[in-house]
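Colleague: Structure file upload_25.cif (mmCIF, C-alpha atoms and all ligand atoms) is given on the next line.
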```cif
data_data
#
loop_
_atom_site.label_atom_id
_atom_site.label_comp_id
_atom_site.auth_asym_id
_atom_site.auth_seq_id
_atom_site.Cartn_x
_atom_site.Cartn_y
_atom_site.Cartn_z
CA MET A 1 0.00 0.00 0.00
CA SER A 2 1.37 3.44 -0.91
CA VAL A 3 2.01 6.10 1.73
CA GLY A 4 -0.82 8.17 0.22
CA LYS A 5 -3.24 5.26 0.62
CA ILE A 6 -2.14 4.62 4.21
CA ILE A 7 -2.76 8.29 5.04
CA ALA A 8 -6.16 8.15 3.35
CA VAL A 9 -7.11 5.05 5.39
CA VAL A 10 -6.02 6.76 8.63
CA ALA A 11 -8.00 9.86 7.67
CA CYS A 12 -11.12 7.81 6.96
CA SER A 13 -10.86 5.67 10.07
CA THR A 14 -10.70 8.72 12.33
CA ASN A 15 -12.78 11.83 12.14
CA MET A 16 -10.88 14.62 10.42
CA THR A 17 -14.01 16.49 9.44
CA ASP A 18 -13.96 20.18 10.22
CA THR A 19 -10.77 20.13 12.23
CA ARG A 20 -9.65 23.70 12.84
CA VAL A 21 -5.91 24.10 13.26
CA LEU A 22 -4.59 27.41 14.56
CA ALA A 23 -1.02 28.14 13.48
CA LEU A 24 1.29 30.34 15.55
CA VAL A 25 4.21 31.53 13.43
CA GLY A 26 7.42 32.35 15.30
CA SER A 27 8.77 34.81 12.74
CA LEU A 28 7.21 38.21 12.13
CA ARG A 29 8.98 39.07 8.88
CA ALA A 30 6.87 39.20 5.75
CA ASP A 31 9.21 36.91 3.82
CA SER A 32 9.44 34.34 6.62
CA HIS A 33 10.19 30.78 5.54
CA ASN A 34 8.14 29.51 8.47
CA ARG A 35 5.12 31.58 7.40
CA LYS A 36 5.54 30.39 3.81
CA ILE A 37 5.57 26.81 5.05
CA VAL A 38 2.26 27.39 6.84
CA GLU A 39 0.87 28.89 3.64
CA ALA A 40 2.02 25.81 1.73
CA ILE A 41 0.36 23.61 4.37
CA GLN A 42 -2.84 25.63 3.99
CA ALA A 43 -2.81 24.90 0.27
CA GLN A 44 -2.30 21.16 0.84
CA ALA A 45 -4.21 20.60 4.06
CA PRO A 46 -5.90 17.21 4.36
CA ALA A 47 -9.61 17.10 3.52
CA GLY A 48 -11.68 18.43 6.39
CA VAL A 49 -8.75 20.29 7.95
CA THR A 50 -8.47 24.08 7.86
CA VAL A 51 -5.36 25.90 8.96
CA GLU A 52 -5.67 29.49 10.11
CA ILE A 53 -2.71 31.72 10.97
CA ALA A 54 -3.00 33.69 14.22
CA GLU A 55 -2.27 37.21 13.01
CA GLY A 56 -1.29 40.10 15.25
CA LEU A 57 1.00 38.23 17.64
CA HIS A 58 3.32 41.25 17.48
CA GLU A 59 0.53 43.43 18.90
CA ILE A 60 0.29 41.42 22.10
CA PRO A 61 2.17 43.13 24.94
CA PHE A 62 4.74 41.10 26.84
CA TYR A 63 2.92 39.11 29.47
CA ASN A 64 2.52 41.04 32.70
CA GLU A 65 0.26 39.87 35.50
CA GLU A 66 -0.73 43.49 36.07
CA LEU A 67 -2.21 43.64 32.55
CA ASP A 68 -4.11 40.40 33.08
CA GLY A 69 -7.52 40.36 34.77
CA GLU A 70 -10.64 42.42 34.01
CA ASN A 71 -9.19 44.37 31.09
CA VAL A 72 -6.99 42.03 29.13
CA PRO A 73 -5.31 43.78 26.15
CA ALA A 74 -7.45 43.24 23.04
CA ALA A 75 -4.76 41.40 21.08
CA ALA A 76 -4.15 39.00 23.97
CA ALA A 77 -7.88 38.39 24.42
CA ALA A 78 -8.18 37.71 20.69
CA LEU A 79 -5.39 35.14 20.85
CA ARG A 80 -6.98 33.41 23.84
CA GLU A 81 -10.28 33.23 21.98
CA GLN A 82 -8.66 31.88 18.82
CA VAL A 83 -6.79 29.22 20.79
CA ALA A 84 -9.96 28.28 22.68
CA LYS A 85 -11.93 27.86 19.45
CA ALA A 86 -9.24 25.84 17.67
CA ASP A 87 -9.27 22.05 17.74
CA ARG A 88 -5.51 21.89 17.36
CA LEU A 89 -2.52 24.18 17.77
CA LEU A 90 0.39 24.15 15.32
CA ILE A 91 3.46 26.12 16.30
CA VAL A 92 5.76 26.77 13.35
CA THR A 93 8.91 28.51 14.40
CA PRO A 94 12.52 29.26 13.65
CA GLU A 95 15.19 29.07 16.35
CA TYR A 96 16.52 32.28 17.83
CA ASN A 97 19.75 32.02 19.79
CA GLY A 98 19.25 28.38 20.55
CA SER A 99 15.70 28.76 21.78
CA THR A 100 12.10 29.83 21.23
CA PRO A 101 11.53 33.28 19.65
CA ALA A 102 9.99 35.73 22.12
CA VAL A 103 6.82 36.08 20.06
CA ILE A 104 5.97 32.40 20.61
CA ALA A 105 7.03 32.39 24.28
CA ASN A 106 4.76 35.40 24.85
CA ALA A 107 1.79 33.79 23.07
CA ILE A 108 2.21 30.65 25.18
CA ASP A 109 2.37 32.73 28.37
CA TRP A 110 -0.90 34.52 27.57
CA ALA A 111 -2.63 31.29 26.54
CA SER A 112 -1.46 29.62 29.78
CA ARG A 113 -3.43 31.95 32.04
CA PRO A 114 -5.71 32.05 34.05
CA TYR A 115 -3.63 29.43 35.84
CA GLY A 116 -5.07 25.98 35.31
CA ALA A 117 -7.75 27.27 32.94
CA GLY A 118 -5.81 28.87 30.09
CA SER A 119 -7.08 28.32 26.56
CA ILE A 120 -4.04 26.15 25.77
CA LYS A 121 -4.99 23.63 28.46
CA GLY A 122 -5.41 20.18 26.96
CA LYS A 123 -5.02 21.52 23.41
CA PRO A 124 -3.37 18.99 21.11
CA THR A 125 -0.26 20.82 19.94
CA ALA A 126 2.51 20.10 17.46
CA VAL A 127 5.71 22.12 17.21
CA VAL A 128 7.63 22.20 13.93
CA GLY A 129 9.74 24.66 12.01
CA THR A 130 12.64 25.51 9.81
CA SER A 131 15.89 27.27 10.57
CA VAL A 132 19.05 27.84 8.62
CA GLY A 133 21.32 26.30 11.26
CA GLN A 134 22.66 22.77 10.99
CA PHE A 135 19.97 21.23 13.19
CA GLY A 136 16.98 23.07 11.76
CA GLY A 137 16.07 24.70 15.04
CA ALA A 138 15.89 21.49 17.09
CA TRP A 139 16.62 23.37 20.35
CA ALA A 140 13.81 25.82 19.67
CA LEU A 141 11.41 22.97 19.04
CA ALA A 142 12.48 21.08 22.18
CA ASN A 143 12.20 24.20 24.35
CA THR A 144 8.85 25.18 22.84
CA LYS A 145 7.45 21.70 23.40
CA LYS A 146 8.60 21.83 27.01
CA SER A 147 7.06 25.24 27.58
CA ALA A 148 3.75 24.42 25.83
CA GLY A 149 3.52 21.22 27.87
CA ILE A 150 4.11 23.03 31.16
CA ALA A 151 1.48 25.56 30.03
CA GLY A 152 -0.98 22.67 29.81
CA ALA A 153 -1.00 21.73 26.12
CA ALA A 154 -1.17 18.09 25.04
CA VAL A 155 2.08 18.14 23.08
CA LEU A 156 2.66 15.56 20.36
CA GLU A 157 6.22 14.67 21.30
CA ASP A 158 6.69 12.34 18.36
CA VAL A 159 5.97 15.04 15.78
CA ASP A 160 9.48 16.22 15.11
CA VAL A 161 10.04 18.25 11.97
CA ALA A 162 13.03 20.56 12.37
CA HIS A 163 14.01 21.27 8.80
CA ALA A 164 17.50 22.69 8.19
CA TYR A 165 17.29 24.75 5.02
CA ALA A 166 20.27 25.78 2.95
CA TRP A 167 21.07 29.49 2.95
CA GLY A 168 19.49 31.11 -0.11
CA SER A 169 17.02 28.28 -0.71
CA ASP A 170 13.23 28.42 -0.40
CA PRO A 171 12.15 25.41 1.66
CA ALA A 172 8.45 26.14 1.11
CA ALA A 173 8.97 25.65 -2.62
CA GLU A 174 10.41 22.15 -2.16
CA ALA A 175 7.71 19.49 -2.45
CA ASP A 176 9.49 16.93 -0.26
CA VAL A 177 10.00 19.50 2.50
CA VAL A 178 6.37 20.63 2.42
CA ALA A 179 5.28 16.98 2.47
CA LYS A 180 7.09 16.49 5.82
CA PHE A 181 5.15 19.39 7.32
CA VAL A 182 1.83 18.27 5.83
CA ALA A 183 2.43 14.80 7.31
CA ALA A 184 2.95 16.45 10.71
CA VAL A 185 -0.40 18.23 10.36
CA GLU A 186 -2.07 14.95 9.40
CA LYS A 187 -0.73 13.39 12.61
CA LEU A 188 -1.92 16.39 14.60
CA ALA A 189 -5.37 16.29 13.04
CA VAL A 190 -5.97 12.60 13.80
CA TYR A 191 -4.49 12.76 17.30
CA GLU A 192 -6.99 11.54 19.82
CA GLY A 193 -4.97 11.74 23.02
CA ILE A 194 -3.14 9.18 25.06
CA ALA A 195 -5.33 6.18 25.87
C1 LIG B 1 17.98 36.80 16.39
C2 LIG B 1 18.25 35.56 15.57
C3 LIG B 1 18.81 34.46 16.16
C4 LIG B 1 19.01 33.29 15.43
N1 LIG B 1 19.49 32.19 16.05
C5 LIG B 1 19.51 31.00 15.41
C6 LIG B 1 19.84 29.80 16.09
O1 LIG B 1 20.12 29.78 17.27
N2 LIG B 1 19.80 28.65 15.39
C7 LIG B 1 19.48 28.62 14.06
O2 LIG B 1 19.41 27.53 13.48
N3 LIG B 1 19.20 29.75 13.37
C8 LIG B 1 19.19 30.93 14.03
N4 LIG B 1 18.85 32.08 13.36
C9 LIG B 1 18.63 32.04 11.91
C10 LIG B 1 17.20 31.62 11.60
O3 LIG B 1 17.18 30.21 11.53
C11 LIG B 1 16.78 32.18 10.25
O4 LIG B 1 16.87 33.58 10.25
C12 LIG B 1 15.37 31.73 9.87
O5 LIG B 1 15.21 31.82 8.49
C13 LIG B 1 14.30 32.59 10.49
O6 LIG B 1 13.04 32.11 10.11
P1 LIG B 1 12.08 32.88 9.09
O7 LIG B 1 12.64 32.69 7.70
O8 LIG B 1 10.77 32.20 9.27
O9 LIG B 1 12.08 34.32 9.48
C14 LIG B 1 18.68 33.26 14.07
C15 LIG B 1 18.13 34.41 13.46
C16 LIG B 1 17.92 35.54 14.19
C17 LIG B 1 17.28 36.75 13.53
#
```
Can you dump the structure from the file as structure tokens?
Modeller:
Amino acid sequence: MSVGKIIAVVACSTNMTDTRVLALVGSLRADSHNRKIVEAIQAQAPAGVTVEIAEGLHEIPFYNEELDGENVPAAAAALREQVAKADRLLIVTPEYNGSTPAVIANAIDWASRPYGAGSIKGKPTAVVGTSVGQFGGAWALANTKKSAGIAGAAVLEDVDVAHAYAWGSDPAAEADVVAKFVAAVEKLAVYEGIA
């Protein structure tokens, strides 16, 4: 049986209808490879799966307990609502200085509160990304998984796509690279928790 057929069987045997995936992109630049990869995933998403990018992460102030409470900043409230409404969370991020970019760390912090009841709690979450370094941002992915898990997300530890792209290349234009990311989203979409 071909890989495509196996994926189709998995998709049919589990319910992938109307699965809403919210993507958090760890790079804010317009020409971001990570954003382009999400856009490529959007174009090739499995049937029944929609992938939406959480826009405006740069408008969310750095987490501060004094800002949290009755009057949560609008951008932070919007993120919490988007995360709450999503069936799955997909974090697509480069590595910055061996770790998670601040924009993702901040989004996780906001989604982790109120303590014990943040919108990220129990949310099936996959962390993937591309970086130019030799290991494709593996440290960023490991640290982001750790942080999202502590925040309460149900992190898919076995989804591990840290793609090291060659300087000057366009990983989102490479079919085999995009296929790795689409496969990660397929795993995320069919995830039903730990029995
Ligand atoms: C502040 C900063 C720190 C970086 N640190 C790392 C790093 O630790 N490891 C790595 O592989 N790449 C690092 N890079 C390079 C990124 O992998 C590269 O810029 C990547 O393309 C950014 O993703 P984007 O194309 O989605 O913006 C760093 C880039 C910046 C701007």
Colleague: Counting all atoms listed in the file, figure out which residue out of A:Val127, A:Val178, A:Ile37, A:Leu22 gets nearest to ligand LIG 1 (chain B).
Modeller: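 Closest candidate: A:Ile37.
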Colleague: What does the distance from atom CA of Ala74 of chain A to atom CA of His58 of chain A come to in Å, to one decimal?
Modeller: 12.3 Å
Colleague: Within 9 Å of ligand LIG 1 (chain B), counting all atoms listed in the file, which protein or nucleic acid residues do you find, written as a PyMOL selection string?
Modeller: chain A and resi 25-37+92-101+129-140+164-165+167
Colleague: I'd like the contact shell of Ala183 of chain A - 10 Å cut-off, all atoms listed in the file, skipping same-chain residues fewer than 5 positions apart - returned as a PyMOL selection string.
Modeller: chain A and resi 7+41+45-46+159+161+178+188-189
Colleague: So, with all atoms listed in the file as the atoms that count, which of A:Ala105, A:Ala84, A:Ile150, A:Leu90 lies closest to Gly118 of chain A?
Modeller: A:Ala84
Colleague: Give me the residues near Lys145 of chain A as a PyMOL selection string, where near means some atom within 8 Å (using only C-alpha atoms) and where sequence neighbours in that chain fewer than 2 positions away do not count.
Modeller: chain A and resi 126-127+141-143+147-149+155+157
Colleague: Give me, as a list in words, all polymer residues having an atom no more than 12 Å from Ala179 of chain A, counting all atoms listed in the file and skipping those fewer than 4 positions away in the same chain.
Modeller: Val3, Gly4, Ile37, Val38, Ala40, Ile41, Gln42, Ala43, Gln44, Ala45, Pro46, Val161, His163, Pro171, Ala172, Ala173, Glu174, Ala175, Ala183, Ala184, Val185 and Glu186 of chain A
Colleague: Using only C-alpha atoms, what residues lie at most 9 Å away from (-1.6, 28.0, 23.4) (file coordinates), given as a ChimeraX atom specification?
Modeller: /A:24,79-80,83-84,89,91,107-112,118-121,123,125,148,151-153
Colleague: Next, the residues of the selection above should be written as a CSV table (one decimal), in the frame of the given file with C-alpha atoms.
Modeller:
```
chain,number,residue,atom,x,y,z
A,24,LEU,CA,1.3,30.3,15.6
A,79,LEU,CA,-5.4,35.1,20.8
A,80,ARG,CA,-7.0,33.4,23.8
A,83,VAL,CA,-6.8,29.2,20.8
A,84,ALA,CA,-10.0,28.3,22.7
A,89,LEU,CA,-2.5,24.2,17.8
A,91,ILE,CA,3.5,26.1,16.3
A,107,ALA,CA,1.8,33.8,23.1
A,108,ILE,CA,2.2,30.6,25.2
A,109,ASP,CA,2.4,32.7,28.4
A,110,TRP,CA,-0.9,34.5,27.6
A,111,ALA,CA,-2.6,31.3,26.5
A,112,SER,CA,-1.5,29.6,29.8
A,118,GLY,CA,-5.8,28.9,30.1
A,119,SER,CA,-7.1,28.3,26.6
A,120,ILE,CA,-4.0,26.2,25.8
A,121,LYS,CA,-5.0,23.6,28.5
A,123,LYS,CA,-5.0,21.5,23.4
A,125,THR,CA,-0.3,20.8,19.9
A,148,ALA,CA,3.8,24.4,25.8
A,151,ALA,CA,1.5,25.6,30.0
A,152,GLY,CA,-1.0,22.7,29.8
A,153,ALA,CA,-1.0,21.7,26.1
```
Colleague: N, CA and C atoms are needed for segment 19-31 of chain A; please write them out as an mmCIF file, in the coordinates of the input.
Modeller:
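For reference, selection-v1.cif as written:
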```
data_model
loop_
_atom_site.group_PDB
_atom_site.id
_atom_site.type_symbol
_atom_site.label_atom_id
_atom_site.label_comp_id
_atom_site.auth_asym_id
_atom_site.auth_seq_id
_atom_site.Cartn_x
_atom_site.Cartn_y
_atom_site.Cartn_z
ATOM 1 N N THR A 19 -11.783 19.933 11.192
ATOM 2 C CA THR A 19 -10.770 20.130 12.230
ATOM 3 C C THR A 19 -10.108 21.473 11.985
ATOM 4 N N ARG A 20 -10.225 22.351 12.989
ATOM 5 C CA ARG A 20 -9.650 23.700 12.840
ATOM 6 C C ARG A 20 -8.298 23.752 13.533
ATOM 7 N N VAL A 21 -7.279 24.004 12.740
ATOM 8 C CA VAL A 21 -5.910 24.100 13.260
ATOM 9 C C VAL A 21 -5.527 25.577 13.299
ATOM 10 N N LEU A 22 -5.083 26.033 14.447
ATOM 11 C CA LEU A 22 -4.590 27.410 14.560
ATOM 12 C C LEU A 22 -3.064 27.369 14.536
ATOM 13 N N ALA A 23 -2.481 28.118 13.597
ATOM 14 C CA ALA A 23 -1.020 28.140 13.480
ATOM 15 C C ALA A 23 -0.445 29.414 14.111
ATOM 16 N N LEU A 24 0.535 29.225 14.985
ATOM 17 C CA LEU A 24 1.290 30.340 15.550
ATOM 18 C C LEU A 24 2.643 30.352 14.857
ATOM 19 N N VAL A 25 2.953 31.446 14.191
ATOM 20 C CA VAL A 25 4.210 31.530 13.430
ATOM 21 C C VAL A 25 5.229 32.324 14.256
ATOM 22 N N GLY A 26 6.413 31.758 14.419
ATOM 23 C CA GLY A 26 7.420 32.350 15.300
ATOM 24 C C GLY A 26 8.287 33.412 14.667
ATOM 25 N N SER A 27 8.017 33.742 13.407
ATOM 26 C CA SER A 27 8.770 34.810 12.740
ATOM 27 C C SER A 27 7.787 35.862 12.266
ATOM 28 N N LEU A 28 8.125 37.132 12.493
ATOM 29 C CA LEU A 28 7.210 38.210 12.130
ATOM 30 C C LEU A 28 7.522 38.794 10.752
ATOM 31 N N ARG A 29 8.623 38.401 10.142
ATOM 32 C CA ARG A 29 8.980 39.070 8.880
ATOM 33 C C ARG A 29 8.087 38.578 7.744
ATOM 34 N N ALA A 30 7.810 39.498 6.834
ATOM 35 C CA ALA A 30 6.870 39.200 5.750
ATOM 36 C C ALA A 30 7.343 38.029 4.889
ATOM 37 N N ASP A 31 8.660 37.929 4.707
ATOM 38 C CA ASP A 31 9.210 36.910 3.820
ATOM 39 C C ASP A 31 9.598 35.623 4.573
#
```
